[in-house]
>>> print(open('protein_12.cif').read())   # mmCIF, C-alpha atoms
data_entry
#
loop_
_atom_site.label_atom_id
_atom_site.label_comp_id
_atom_site.auth_asym_id
_atom_site.auth_seq_id
_atom_site.Cartn_x
_atom_site.Cartn_y
_atom_site.Cartn_z
CA MET A 1 -60.12 -62.91 95.13
CA LYS A 2 -57.97 -60.99 97.59
CA THR A 3 -55.28 -63.63 97.27
CA ILE A 4 -55.27 -63.37 93.47
CA SER A 5 -55.13 -59.58 93.63
CA TYR A 6 -52.22 -59.76 96.04
CA LEU A 7 -50.34 -62.23 93.90
CA PHE A 8 -50.84 -60.01 90.84
CA LYS A 9 -49.38 -57.03 92.66
CA VAL A 10 -46.39 -59.07 93.74
CA TYR A 11 -45.88 -60.29 90.17
CA ARG A 12 -46.04 -56.76 88.79
CA LYS A 13 -43.47 -55.49 91.24
CA THR A 14 -41.22 -58.43 90.47
CA CYS A 15 -41.37 -57.62 86.74
CA LEU A 16 -40.51 -54.01 87.36
CA ILE A 17 -37.55 -55.00 89.54
CA LEU A 18 -36.31 -57.35 86.85
CA LEU A 19 -36.74 -54.67 84.21
CA PHE A 20 -34.73 -52.12 86.15
CA SER A 21 -32.06 -54.71 86.85
CA VAL A 22 -31.50 -55.03 83.09
CA VAL A 23 -31.85 -51.39 82.08
CA SER A 24 -30.94 -48.72 84.56
CA THR A 25 -33.04 -45.65 84.23
CA ALA A 26 -32.01 -42.59 86.19
CA LEU A 27 -34.43 -39.76 86.75
CA PHE A 28 -33.02 -36.43 87.91
CA ALA A 29 -35.39 -33.47 87.91
CA GLN A 30 -36.37 -33.11 84.21
CA ASN A 31 -33.45 -35.17 82.81
CA ILE A 32 -33.93 -38.79 81.84
CA GLY A 33 -31.04 -41.19 81.34
CA ILE A 34 -31.38 -44.69 79.93
CA ASN A 35 -28.24 -46.82 80.12
CA THR A 36 -26.84 -50.10 81.40
CA THR A 37 -24.38 -48.56 83.84
CA GLY A 38 -26.53 -46.39 86.07
CA ALA A 39 -24.62 -43.29 84.98
CA THR A 40 -26.11 -39.90 85.75
CA PRO A 41 -27.64 -38.28 82.65
CA SER A 42 -26.26 -35.01 81.28
CA GLN A 43 -27.95 -32.04 82.85
CA ASN A 44 -28.08 -30.41 79.40
CA ALA A 45 -30.04 -33.27 77.82
CA ILE A 46 -33.73 -33.96 78.36
CA LEU A 47 -32.95 -37.54 77.31
CA ASP A 48 -29.53 -39.16 77.61
CA LEU A 49 -29.16 -42.53 75.93
CA SER A 50 -26.08 -44.70 76.45
CA THR A 51 -25.44 -48.37 75.86
CA GLY A 52 -22.21 -48.46 77.83
CA ASN A 53 -18.85 -49.59 76.57
CA THR A 54 -19.67 -53.17 75.68
CA HIS A 55 -22.85 -52.78 73.65
CA ASN A 56 -23.20 -51.37 70.16
CA MET A 57 -26.68 -50.04 69.73
CA GLY A 58 -28.24 -47.13 67.89
CA LEU A 59 -31.31 -44.97 67.92
CA LEU A 60 -34.05 -45.54 65.39
CA ILE A 61 -35.75 -42.31 64.32
CA PRO A 62 -39.44 -42.83 63.55
CA ARG A 63 -39.85 -44.18 60.01
CA VAL A 64 -42.50 -42.67 57.77
CA VAL A 65 -43.46 -42.37 54.10
CA LEU A 66 -43.50 -38.74 53.05
CA GLY A 67 -46.15 -37.53 50.61
CA ALA A 68 -45.75 -36.15 47.11
CA SER A 69 -45.42 -32.62 48.51
CA LEU A 70 -42.86 -31.76 51.15
CA ASN A 71 -45.17 -28.98 52.32
CA THR A 72 -47.65 -31.54 53.65
CA TYR A 73 -47.18 -32.32 57.34
CA SER A 74 -50.07 -34.67 57.86
CA PRO A 75 -49.80 -37.28 56.52
CA PRO A 76 -47.40 -38.71 57.36
CA MET A 77 -47.89 -37.28 60.84
CA ALA A 78 -51.13 -38.16 62.60
CA TYR A 79 -52.17 -34.60 63.45
CA ALA A 80 -51.87 -31.13 61.95
CA SER A 81 -48.68 -29.20 62.51
CA THR A 82 -48.37 -26.74 65.39
CA GLY A 83 -45.63 -24.35 66.36
CA LYS A 84 -44.22 -26.95 68.71
CA ASP A 85 -43.49 -29.32 65.81
CA SER A 86 -40.69 -27.27 64.23
CA GLY A 87 -37.53 -29.38 64.31
CA MET A 88 -39.42 -32.70 64.23
CA MET A 89 -37.20 -35.35 62.64
CA VAL A 90 -38.33 -38.43 60.73
CA TYR A 91 -36.75 -40.98 58.41
CA ASN A 92 -38.36 -41.44 55.01
CA TRP A 93 -37.65 -45.09 54.35
CA VAL A 94 -39.59 -45.59 51.11
CA ALA A 95 -38.64 -43.74 47.94
CA THR A 96 -42.16 -43.69 46.52
CA ASN A 97 -42.57 -39.91 46.75
CA GLN A 98 -39.33 -38.54 48.16
CA PRO A 99 -35.69 -39.74 48.29
CA ILE A 100 -34.84 -41.98 51.22
CA GLY A 101 -33.18 -40.15 54.08
CA TYR A 102 -33.65 -38.00 57.17
CA TYR A 103 -35.97 -35.00 57.09
CA TRP A 104 -36.86 -32.30 59.59
CA TRP A 105 -39.90 -30.06 59.73
CA SER A 106 -39.06 -26.35 59.34
CA GLY A 107 -42.52 -25.20 60.29
CA THR A 108 -43.66 -24.97 56.67
CA THR A 109 -41.93 -27.84 54.83
CA TRP A 110 -39.94 -31.03 55.24
CA VAL A 111 -36.23 -30.37 54.65
CA SER A 112 -33.86 -33.14 53.65
CA VAL A 113 -30.84 -33.29 55.94
CA SER A 114 -28.59 -34.42 53.08
CA ALA A 115 -30.01 -31.82 50.67
CA ALA A 116 -29.37 -29.08 53.22
CA ALA A 117 -25.64 -29.84 52.99
CA THR A 118 -25.55 -29.99 49.18
CA PRO A 119 -24.81 -26.25 48.57
CA ALA A 120 -21.32 -26.74 50.01
CA TRP A 121 -18.48 -27.55 47.60
CA ASN A 122 -17.43 -31.09 48.37
CA LEU A 123 -13.81 -32.20 48.47
CA THR A 124 -14.52 -34.73 45.73
CA GLY A 125 -16.55 -32.35 43.58
CA ASN A 126 -20.24 -31.62 43.05
CA ALA A 127 -22.71 -33.01 40.55
CA GLY A 128 -25.83 -31.43 39.14
CA THR A 129 -24.61 -27.84 39.41
CA THR A 130 -26.07 -25.03 37.32
CA PRO A 131 -23.49 -22.64 35.83
CA GLY A 132 -24.31 -19.08 36.77
CA THR A 133 -26.42 -20.25 39.72
CA ASN A 134 -23.81 -22.35 41.52
CA TYR A 135 -20.35 -20.84 41.86
CA ALA A 136 -17.31 -20.62 44.10
CA GLY A 137 -16.79 -17.10 45.35
CA THR A 138 -18.44 -14.26 47.24
CA SER A 139 -21.92 -12.80 46.90
CA ASP A 140 -20.88 -9.41 48.28
CA ALA A 141 -18.11 -6.88 47.57
CA ASN A 142 -15.47 -8.78 49.56
CA ASP A 143 -12.34 -10.22 47.95
CA PHE A 144 -12.14 -13.90 47.06
CA VAL A 145 -8.96 -15.44 48.53
CA ILE A 146 -7.31 -18.78 47.76
CA LYS A 147 -4.70 -20.19 50.15
CA THR A 148 -2.36 -23.17 50.38
CA ASN A 149 -0.53 -24.12 53.57
CA ALA A 150 -2.49 -21.30 55.24
CA THR A 151 -0.70 -18.76 53.02
CA GLU A 152 -2.50 -16.57 50.51
CA ARG A 153 -1.63 -17.49 46.93
CA MET A 154 -4.31 -15.72 44.90
CA ARG A 155 -6.74 -12.89 45.45
CA ILE A 156 -9.57 -11.72 43.20
CA LEU A 157 -11.03 -8.29 43.88
CA SER A 158 -14.74 -7.62 43.60
CA THR A 159 -13.88 -5.72 40.39
CA GLY A 160 -12.43 -8.89 38.85
CA ASN A 161 -8.76 -7.88 39.03
CA ALA A 162 -6.67 -10.85 40.16
CA GLY A 163 -3.21 -11.23 41.63
CA ILE A 164 -1.19 -14.44 42.00
CA ASN A 165 1.57 -14.29 44.63
CA THR A 166 1.06 -10.53 44.74
CA ALA A 167 -1.66 -7.99 45.41
CA PRO A 168 -3.96 -7.28 42.43
CA ILE A 169 -3.37 -4.03 40.53
CA ALA A 170 -6.44 -2.00 39.60
CA THR A 171 -5.18 -1.28 36.06
CA GLN A 172 -4.28 -4.91 35.32
CA MET A 173 -6.77 -7.76 35.09
CA LEU A 174 -4.14 -10.35 36.05
CA THR A 175 -0.86 -9.78 37.86
CA VAL A 176 1.54 -12.66 38.46
CA ALA A 177 4.67 -12.29 40.60
CA GLN A 178 7.63 -14.64 40.92
CA THR A 179 10.20 -13.76 43.57
CA SER A 180 12.67 -16.56 42.75
CA SER A 181 15.17 -15.80 39.99
CA SER A 182 15.30 -19.45 38.95
CA ASN A 183 11.58 -19.82 38.31
CA ILE A 184 9.16 -18.56 35.66
CA ALA A 185 6.16 -16.37 36.47
CA ILE A 186 4.09 -17.43 33.43
CA MET A 187 4.87 -20.14 30.90
CA GLY A 188 2.91 -20.98 27.79
CA GLU A 189 3.56 -24.28 26.05
CA ASN A 190 2.05 -25.95 23.02
CA THR A 191 2.72 -29.69 22.73
CA ALA A 192 0.58 -30.42 19.67
CA ALA A 193 2.01 -32.93 17.21
CA ALA A 194 4.01 -31.55 14.30
CA GLY A 195 1.91 -30.61 11.29
CA THR A 196 -1.42 -30.49 13.13
CA ASP A 197 -1.60 -26.69 13.14
CA ASN A 198 0.38 -23.58 13.98
CA GLY A 199 1.01 -24.23 17.66
CA ILE A 200 1.10 -21.15 19.89
CA GLY A 201 2.47 -21.08 23.40
CA VAL A 202 1.31 -17.57 24.31
CA TYR A 203 -0.97 -15.41 22.17
CA GLY A 204 -1.83 -11.76 22.78
CA VAL A 205 -4.40 -9.66 20.91
CA SER A 206 -5.39 -6.01 21.24
CA SER A 207 -8.65 -4.97 19.56
CA GLN A 208 -8.34 -1.29 20.43
CA ALA A 209 -9.36 0.88 17.46
CA TYR A 210 -6.63 2.98 15.85
CA VAL A 211 -6.47 6.72 16.39
CA ALA A 212 -3.58 9.06 15.68
CA GLY A 213 -1.26 9.16 18.66
CA PRO A 214 0.73 6.79 20.86
CA LYS A 215 -2.19 5.09 22.65
CA ASN A 216 -3.36 2.37 20.29
CA GLY A 217 -2.97 -0.80 22.31
CA TYR A 218 -0.48 -3.64 22.15
CA GLY A 219 -1.07 -7.38 21.81
CA VAL A 220 1.95 -8.18 23.98
CA VAL A 221 4.20 -5.82 25.96
CA ALA A 222 7.52 -6.93 27.47
CA LEU A 223 9.21 -4.74 30.08
CA ASN A 224 12.27 -5.18 32.26
CA ASN A 225 12.69 -2.70 35.11
CA ASN A 226 16.37 -3.56 35.54
CA ALA A 227 18.69 -0.88 34.13
CA ASN A 228 20.52 -3.50 32.03
CA GLY A 229 17.68 -5.96 31.64
CA THR A 230 16.16 -7.30 28.44
CA GLY A 231 12.47 -6.72 27.82
CA LEU A 232 11.80 -9.73 25.58
CA TYR A 233 13.78 -12.87 24.87
CA ALA A 234 12.65 -15.18 22.08
CA ALA A 235 14.53 -18.25 20.87
CA GLY A 236 13.89 -20.69 18.04
CA ASN A 237 15.52 -23.91 16.86
CA ASN A 238 15.25 -25.35 20.38
CA LEU A 239 17.97 -23.03 21.67
CA GLY A 240 16.20 -22.57 24.97
CA ILE A 241 17.16 -19.92 27.50
CA ASN A 242 20.81 -19.10 26.90
CA ALA A 243 22.33 -16.36 29.03
CA ALA A 244 25.28 -16.13 26.63
CA ILE A 245 23.13 -14.49 23.96
CA TYR A 246 21.33 -12.02 26.19
CA THR A 247 21.89 -8.40 25.22
CA PRO A 248 22.04 -6.14 28.30
CA GLY A 249 19.62 -3.25 28.01
CA ALA A 250 17.99 -4.56 24.83
CA GLY A 251 14.30 -4.12 24.26
CA ALA A 252 14.25 -7.59 22.74
CA THR A 253 16.71 -10.40 22.09
CA PHE A 254 15.98 -12.99 19.40
CA ALA A 255 17.89 -16.21 18.83
CA GLY A 256 17.55 -18.87 16.18
CA ALA A 257 18.43 -19.76 12.61
CA LEU A 258 16.70 -16.47 11.81
CA GLY A 259 17.23 -14.32 14.86
CA ALA A 260 14.42 -11.99 13.91
CA MET A 261 12.08 -11.87 10.91
CA GLY A 262 9.79 -9.03 9.97
CA TYR A 263 7.04 -9.28 7.36
CA SER A 264 4.73 -6.65 5.87
CA PRO A 265 2.24 -7.25 3.01
CA TYR A 266 1.36 -3.55 2.70
CA ASN A 267 2.48 -0.93 0.21
CA ASN A 268 5.11 1.34 1.77
CA GLY A 269 5.15 -1.02 4.75
CA ALA A 270 8.24 -2.06 6.68
CA GLY A 271 8.98 -5.69 7.42
CA LEU A 272 11.38 -4.65 10.15
CA TRP A 273 11.83 -1.13 11.41
CA GLY A 274 14.28 0.35 13.86
CA GLU A 275 14.42 3.88 15.23
CA ASN A 276 16.84 5.66 17.52
CA THR A 277 15.92 9.11 18.83
CA GLY A 278 19.13 9.65 20.80
CA THR A 279 21.97 11.96 19.78
CA SER A 280 23.99 8.87 18.87
CA GLY A 281 23.25 5.21 18.31
CA TRP A 282 21.64 3.03 15.65
CA GLY A 283 18.12 2.39 14.55
CA VAL A 284 19.07 -1.10 13.37
CA TYR A 285 22.37 -2.76 14.24
CA GLY A 286 23.65 -6.01 12.78
CA GLU A 287 26.75 -7.80 14.00
CA ALA A 288 28.44 -11.02 12.86
CA THR A 289 31.19 -12.50 15.03
CA GLY A 290 32.26 -15.21 12.59
CA THR A 291 35.40 -14.66 10.48
CA THR A 292 33.50 -15.03 7.18
CA SER A 293 29.98 -14.07 8.27
CA VAL A 294 27.99 -10.99 7.23
CA GLY A 295 26.50 -8.51 9.68
CA VAL A 296 23.47 -7.38 7.64
CA VAL A 297 22.07 -8.70 4.36
CA GLY A 298 19.49 -6.73 2.40
CA VAL A 299 17.68 -7.90 -0.74
CA GLY A 300 15.25 -5.71 -2.70
CA ASP A 301 12.94 -6.07 -5.71
CA ASN A 302 12.50 -9.77 -4.92
CA ALA A 303 16.00 -10.23 -6.33
CA THR A 304 18.33 -13.08 -5.55
CA ALA A 305 21.01 -12.33 -2.97
CA LEU A 306 24.06 -12.44 -5.26
CA LEU A 307 26.79 -10.79 -3.26
CA PHE A 308 27.91 -12.22 0.06
CA PRO A 309 31.48 -11.07 0.59
CA SER A 310 33.10 -12.97 3.39
CA GLY A 311 33.31 -10.98 6.59
CA ALA A 312 31.30 -8.05 5.23
CA GLY A 313 29.49 -5.77 7.63
CA GLY A 314 26.62 -5.60 5.18
CA SER A 315 25.67 -7.10 1.83
CA PHE A 316 22.88 -5.61 -0.29
CA SER A 317 21.38 -6.80 -3.56
CA ALA A 318 18.59 -5.48 -5.80
CA THR A 319 17.74 -4.98 -9.45
CA ALA A 320 17.58 -1.19 -9.00
CA ALA A 321 19.89 -0.11 -6.18
CA GLY A 322 21.76 -2.53 -3.96
CA ALA A 323 22.18 0.09 -1.27
CA PHE A 324 20.73 3.58 -1.10
CA GLY A 325 21.44 6.27 1.45
CA THR A 326 20.29 9.84 1.75
CA ALA A 327 21.26 12.67 4.10
CA SER A 328 19.18 15.80 4.58
CA ASN A 329 21.98 17.70 6.34
CA ALA A 330 24.20 19.91 4.15
CA THR A 331 27.31 18.11 5.38
CA GLY A 332 25.73 14.76 6.11
CA ILE A 333 26.67 11.43 4.60
CA GLY A 334 24.20 9.09 2.93
CA VAL A 335 26.12 5.81 3.25
CA VAL A 336 29.51 5.19 4.88
CA GLY A 337 31.64 2.10 4.35
CA LEU A 338 34.84 1.55 6.33
CA ASN A 339 37.81 -0.76 5.91
CA GLN A 340 40.75 -0.11 8.22
CA TYR A 341 43.33 -2.13 6.32
CA VAL A 342 46.00 -0.47 4.13
CA LEU A 343 45.44 -0.59 0.37
CA CYS A 344 41.79 -1.34 0.87
CA HIS A 345 39.19 1.11 -0.30
CA LEU A 346 36.80 3.28 1.68
CA LEU A 347 33.65 4.29 -0.11
CA ILE A 348 31.51 7.17 1.05
CA VAL A 349 28.28 8.15 -0.68
CA LEU A 350 27.99 11.87 -0.14
CA PRO A 351 25.09 14.33 -0.36
CA HIS A 352 24.26 15.88 -3.69
CA ASN A 353 25.84 19.23 -2.94
CA LEU A 354 29.39 17.77 -3.16
CA ARG A 355 28.78 17.19 -6.90
CA ASN A 356 31.06 14.17 -7.22
CA ASN A 357 28.75 12.07 -9.32
CA ILE A 358 29.28 8.63 -10.74
CA ARG A 359 26.36 7.23 -12.79
CA GLY A 360 24.05 9.75 -11.26
CA PHE A 361 25.01 8.98 -7.65
CA PRO A 362 27.04 11.40 -5.53
CA VAL A 363 30.14 9.43 -4.57
CA HIS A 364 33.38 10.31 -2.85
CA ALA A 365 36.02 7.74 -1.96
CA LEU A 366 39.07 7.68 0.30
CA GLN A 367 41.86 5.14 0.55
CA HIS A 368 43.49 4.57 3.92
CA ASN A 369 46.76 6.55 4.15
CA PHE A 370 46.46 7.62 0.52
CA PRO A 371 45.12 10.75 -1.14
CA SER A 372 41.42 11.01 -1.82
CA TYR A 373 40.13 9.86 -5.16
CA LEU A 374 36.90 8.83 -6.82
CA GLU A 375 36.15 5.14 -6.56
CA PRO A 376 36.30 3.66 -10.07
CA THR A 377 33.21 1.99 -11.46
#
>>> encode(input="protein_12.cif", output="structure tokens")
Amino acid sequence: MKTISYLFKVYRKTCLILLFSVVSTALFAQNIGINTTGATPSQNAILDLSTGNTHNMGLLIPRVVLGASLNTYSPPMAYASTGKDSGMMVYNWVATNQPIGYYWWSGTTWVSVSAAATPAWNLTGNAGTTPGTNYAGTSDANDFVIKTNATERMRILSTGNAGINTAPIATQMLTVAQTSSSNIAIMGENTAAAGTDNGIGVYGVSSQAYVAGPKNGYGVVALNNNANGTGLYAAGNNLGINAAIYTPGAGATFAGALGAMGYSPYNNGAGLWGENTGTSGWGVYGEATGTTSVGVVGVGDNATALLFPSGAGGSFSATAAGAFGTASNATGIGVVGLNQYVLCHLLIVLPHNLRNNIRGFPVHALQHNFPSYLEPT
């Protein structure tokens, strides 16, 4: 019996020696290292596992089947949870009750490792979001900043005011800045097929209720802070942006087959209205640069435009009065027509107090370099 006992001890030692010759286990104080190289384990790890440089091996986390409720610790664990179990990790490998994946015990519930990362916005997008619950932004009063190439491009204040390439302005919901003269700050384009609807590139609406006074809201406002700049430029007939037809200092410049059209369906309304409050100037100014073109054409009473004299500054047609002018000043002039060529007539419609009446209209006429006379009718 002693011989058998001795042989058993020798056999056991031999097995242990063979085991340690295959797997080197280093024990240093409270650190344990298991590897094939005999390397010293990290002093910061209670267990340091390494397979060396020539072996590809992994670590299998204990596999369990979680219950229907993630708040239940046991089962799957054998014993009830204690404070020492917080952080326990398992792998749920059957999708009977819970999705397959890694879980850790928080002290009160099993938390999915993959689900814990879901609240982040993924580079390829997120699925299953709830509008109003899930959002990109801040949950406090801090600004929301968007950058490209580490440079701020857009900022949204906690009040909702936003600025693109510039700081937001408290009185403007959206401010867009473009510092390059060759680029466009905002562009609106409608590419709908012809005839599908009235395509609109940019549309502005003001719903502010009307009250007497200047503050009644504007659908669209165009400003140019340059002393000779143009506030608004609008072109039709595919003319595009043409610097040759800009008008320095103009509030608006219009280009097209009809440069500008005004329409009013109201009684006593004005389709197009111009006003000048300076000591000199024009409320409405029309100019034609062609040799036979007309500067301004006016048609009233839904009449047909009958008179288009070549090269005229203005041509007016109506069933009642082709042109009508009134002056409230004692020496003012209602309508003035000029022709600077000799033997051509100059017609001036004068105020009523001059008493030169033709067919009920006060008229006085002058001929260049000739005595004054009444224009014949």
>>> closest_residue(input="protein_12.cif", among="A:Gln98, A:Asn276, A:Ser317, A:Thr166", to="Val65 of chain A", atoms="all atoms listed in the file")
A:Gln98
>>> resolve_selection(input="protein_12.cif", expression="the PyMOL selection byres ((chain A and resi 279-296) around 7)", output="ChimeraX atom specification")
/A:274-278,297-298,310-315
>>> atom_distance(input="protein_12.cif", atom1="atom CA of Asn97 of chain A", atom2="atom CA of Ser74 of chain A")
14.4 Å
>>> resolve_selection(input="protein_12.cif", expression="the PyMOL selection byres ((chain A and resi 167) around 12)", output="list in words")
Asp143, Val145, Glu152, Arg153, Met154, Arg155, Ile156, Leu157, Asn161, Ala162, Gly163, Ile164, Asn165, Thr166, Pro168, Ile169, Ala170, Gln172, Met173, Leu174, Thr175, Val176 and Ala177 of chain A
>>> write_last_selection(input="protein_12.cif", atoms="C-alpha atoms", output="PDB file, keeping the file's coordinate frame")
ATOM      1  CA  ASP A 143     -12.340 -10.220  47.950  1.00  0.00           C
ATOM      2  CA  VAL A 145      -8.960 -15.440  48.530  1.00  0.00           C
ATOM      3  CA  GLU A 152      -2.500 -16.570  50.510  1.00  0.00           C
ATOM      4  CA  ARG A 153      -1.630 -17.490  46.930  1.00  0.00           C
ATOM      5  CA  MET A 154      -4.310 -15.720  44.900  1.00  0.00           C
ATOM      6  CA  ARG A 155      -6.740 -12.890  45.450  1.00  0.00           C
ATOM      7  CA  ILE A 156      -9.570 -11.720  43.200  1.00  0.00           C
ATOM      8  CA  LEU A 157     -11.030  -8.290  43.880  1.00  0.00           C
ATOM      9  CA  ASN A 161      -8.760  -7.880  39.030  1.00  0.00           C
ATOM     10  CA  ALA A 162      -6.670 -10.850  40.160  1.00  0.00           C
ATOM     11  CA  GLY A 163      -3.210 -11.230  41.630  1.00  0.00           C
ATOM     12  CA  ILE A 164      -1.190 -14.440  42.000  1.00  0.00           C
ATOM     13  CA  ASN A 165       1.570 -14.290  44.630  1.00  0.00           C
ATOM     14  CA  THR A 166       1.060 -10.530  44.740  1.00  0.00           C
ATOM     15  CA  PRO A 168      -3.960  -7.280  42.430  1.00  0.00           C
ATOM     16  CA  ILE A 169      -3.370  -4.030  40.530  1.00  0.00           C
ATOM     17  CA  ALA A 170      -6.440  -2.000  39.600  1.00  0.00           C
ATOM     18  CA  GLN A 172      -4.280  -4.910  35.320  1.00  0.00           C
ATOM     19  CA  MET A 173      -6.770  -7.760  35.090  1.00  0.00           C
ATOM     20  CA  LEU A 174      -4.140 -10.350  36.050  1.00  0.00           C
ATOM     21  CA  THR A 175      -0.860  -9.780  37.860  1.00  0.00           C
ATOM     22  CA  VAL A 176       1.540 -12.660  38.460  1.00  0.00           C
ATOM     23  CA  ALA A 177       4.670 -12.290  40.600  1.00  0.00           C
TER      24      ALA A 177
END
>>> closest_residue(input="protein_12.cif", among="A:Ile61, A:Ile200, A:Leu272, A:Ala323", to="Ala260 of chain A", atoms="only C-alpha atoms")
A:Leu272
>>> resolve_selection(input="protein_12.cif", expression="the PyMOL selection byres ((chain A and resi 109) around 7)", output="ChimeraX atom specification")
/A:70-72,105-108,110-111
>>> residues_around(input="protein_12.cif", residues="Arg63 of chain A", least_positions_apart="6", cutoff="12 Å", atoms="only C-alpha atoms", output="list in words")
Pro76, Met77, Met89, Val90, Tyr91, Asn92, Trp93, Val94, Ile100, Gly101, Tyr102 and Tyr103 of chain A
>>> closest_residue(input="protein_12.cif", among="A:Asn56, A:Thr253, A:Asn44, A:Asn216", to="Leu232 of chain A", atoms="all atoms listed in the file")
A:Thr253
>>> atom_distance(input="protein_12.cif", atom1="atom CA of Thr159 of chain A", atom2="atom CA of Gly132 of chain A")
17.3 Å
